[in-house]
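Peer 1: Got a structure here, written out as structure tokens. Questions coming.
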Amino acid sequence: MNILPPDYCGDDTMEGYLDKAGSRLSIFGLYGLLFGCLAAPRLVMPSTLMPEIFGKEGANFETMEQAQETMGNIMALWNYLNGWDSDNKGLPFPGYDYPQNREGALQRIAASLHLADSFFEGLALGGINSETIPEGLKEAAGKIEKAGDLLYEEARLLEEGKELGSGDAAEVMKAVEHCERVIDSCIMKIHNGLKEERMRAVQDLRAVAAAQGLRRRASSKVGRNDPCPCGSGKKYKRCCGLIH
């Protein structure tokens, strides 16, 4: 069982916030979206993330307090998942006990599909899609899609069929659990497989920020005999002044 951070309201409360705000996402969809964003190399800013959660028109918050509470808890969950040790821990996701019947099986299937579909949406926000995903991770992405296809088919059969007996329900739940394990393990593989790309992206951002900072410092008025703003200890005319 996952130990959630004290500054996070909890999954049941968070799902209530999403519903009140008019989000299309379930709590599983929110987890999947955040997993995808955090796995992708390109940094996803809140200004990009929030429209995916609440739609382009924005959330239907009744009060400013409700808005602050919801946004604060989304960021708390983001920070929690960002600190997930994917090398040593299983995938943290909401844990629910489903009734061992047709309705419970359909609920569980819907939750797994929301997580898987939203994971790919999060990856896309961070610049990864079917064309740009590294070759070595395409198999894992394909397995998630195949597991999703199996879940969709299982849901179709359940919706067309009669109420399940206890033995039938147990078999269906076992099949759904197998698909969940495939989805979970492949999400972990993709997350870990993109680790080096995430590190390179961070290094690139730092290099750009450093270069911009140097240009800003050098473009300000600095006397030829003043210390160079780059911090070398030399006079400006003997350092960066030679190239400006």
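Chains: A, B, ... in order of the structure tokens. Residues: from 1 per chain. Ligands: from 1, in order shown.
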Which residues of region 86-148 of chain A have any atom within 8 Å of an atom in region 2-25 of chain A when counting only C-alpha atoms, and what is the closest pair of atoms for each, with the distance in Å to one decimal? Order the rows by chain and rising number and write it as a tab-separated table.

Peer 2:
residue	atom	partner	partner_atom	distance
A:Pro92	CA	A:Asn2	CA	6.2
A:Phe93	CA	A:Asn2	CA	7.7
A:Pro94	CA	A:Asp11	CA	6.6
A:His114	CA	A:Leu25	CA	7.6

Peer 1: Excluding same-chain residues fewer than 6 positions from Ala147 (chain A), what lies within 8 Å of it counting only C-alpha atoms, as a list of chain:residue names?

Peer 2: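 Everything that qualifies: A:Cys179, A:Glu180, A:Val182, A:Ile183.
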
Peer 1: What does the distance between CA of Leu33 (chain A) and CA of Ser185 (chain A) come to in Å, to one decimal place?

Peer 2: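 Between CA of Leu33 (chain A) and CA of Ser185 (chain A) the gap works out to 16.3 Å.
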
Peer 1: Have a look at A:Asp117, A:Glu131, A:Asp226, A:Glu177 and name the one nearest to Asp149 (chain A); count only C-alpha atoms.

Peer 2: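 Among the listed residues, A:Asp117 lies closest to Asp149 (chain A).
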
Peer 1: Leaving out Lys189 (chain A) and any residue of its chain fewer than 6 positions from it, which residues lie within 9 Å of it when counting only C-alpha atoms, given as a count of residues only?

Peer 2: 3

Peer 1: Which is closest to Met188 (chain A) among A:Gly90, A:Pro51, A:Gly127, A:Gly142, if we use only C-alpha atoms?

Peer 2: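 Closest residue, counting only C-alpha atoms: A:Gly90.
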
Peer 1: Run DSSP on the backbone and tell me which residues of region 6-219 of chain A come out as helix (DSSP H, G or I); list them as a VMD selection string.

Peer 2: chain A and resid 11 to 20 27 to 39 46 to 54 64 to 82 102 to 125 135 to 160 166 to 193 195 to 219

Peer 1: Quick one: residues within 7 Å of Gln100 (chain A), only C-alpha atoms, excluding same-chain residues fewer than 2 positions away - as JSON, numbers by chain?

Peer 2: {"A": [98, 104, 166, 169, 170]}

Peer 1: Write out the residues from the selection above, keeping all heavy atoms, as a short mmCIF file (atom, residue, chain, number, x, y, z; two decimals), in the first residue's frame.

Peer 2:
data_model
loop_
_atom_site.label_atom_id
_atom_site.label_comp_id
_atom_site.auth_asym_id
_atom_site.auth_seq_id
_atom_site.Cartn_x
_atom_site.Cartn_y
_atom_site.Cartn_z
N TYR A 98 -12.83 -3.76 -5.41
CA TYR A 98 -13.97 -3.79 -6.29
C TYR A 98 -14.90 -4.95 -5.93
O TYR A 98 -14.43 -6.04 -5.59
CB TYR A 98 -13.52 -3.93 -7.75
CG TYR A 98 -12.69 -2.77 -8.23
CD1 TYR A 98 -11.29 -2.84 -8.17
CD2 TYR A 98 -13.28 -1.62 -8.73
CE1 TYR A 98 -10.52 -1.77 -8.61
CE2 TYR A 98 -12.51 -0.55 -9.18
CZ TYR A 98 -11.13 -0.64 -9.12
OH TYR A 98 -10.36 0.41 -9.55
N GLY A 104 -18.51 -4.47 -10.61
CA GLY A 104 -17.17 -4.26 -10.09
C GLY A 104 -16.11 -4.49 -11.15
O GLY A 104 -15.11 -3.76 -11.23
N SER A 166 -20.29 -15.86 -8.79
CA SER A 166 -19.07 -15.59 -8.04
C SER A 166 -17.85 -16.20 -8.72
O SER A 166 -16.78 -15.59 -8.79
CB SER A 166 -19.20 -16.11 -6.61
OG SER A 166 -19.47 -17.52 -6.63
N ALA A 169 -17.08 -14.20 -11.93
CA ALA A 169 -16.53 -12.88 -11.58
C ALA A 169 -15.07 -12.99 -11.19
O ALA A 169 -14.25 -12.14 -11.55
CB ALA A 169 -17.34 -12.26 -10.45
N ALA A 170 -14.73 -14.05 -10.46
CA ALA A 170 -13.34 -14.24 -10.04
C ALA A 170 -12.44 -14.44 -11.26
O ALA A 170 -11.32 -13.92 -11.30
CB ALA A 170 -13.25 -15.43 -9.09
#

Peer 1: Using only C-alpha atoms, which of A:Ile109, A:Gly95, A:Glu65, A:Ala116 sits nearest Leu30 (chain A)?

Peer 2: A:Ala116

Peer 1: Quick one: residues within 10 Å of Val202 (chain A), only C-alpha atoms, excluding same-chain residues fewer than 6 positions away - as a list in words?

Peer 2: Pro41, Arg42, Leu43, Glu196 and Val208 of chain A

Peer 1: Quick one: residues within 9 Å of Tyr31 (chain A), only C-alpha atoms counted, chain neighbours fewer than 2 positions away excluded, as a list of chain:residue names?

Peer 2: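 Those residues are A:Ser26, A:Ile27, A:Phe28, A:Gly29, A:Leu33, A:Leu34, A:Phe35, A:Gly36, A:Leu77, A:Trp78, A:Leu81, A:Pro92, A:Phe93, A:Pro94, A:Leu115, A:Ser118, A:Phe119.
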
Peer 1: Identify which of the residues A:Thr63, A:Gly58, A:Met71, A:Ile144 lies closest to Pro46 (chain A), counting only C-alpha atoms when measuring atom-to-atom distances.

Peer 2: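 Checking each of A:Thr63, A:Gly58, A:Met71, A:Ile144 against Pro46 (chain A), counting only C-alpha atoms, the winner is A:Met71.
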
Peer 1: To one decimal place in Å, what is the distance between CA of Ser47 (chain A) and CA of Ile190 (chain A)?

Peer 2: 24.6 Å

Peer 1: Which residue is closest to Arg198 (chain A)? Choose from A:Glu69, A:Lys56, A:Asp97, A:Gly126 and count only C-alpha atoms.

Peer 2: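 Ranked by minimum distance to Arg198 (chain A), first place goes to A:Gly126.
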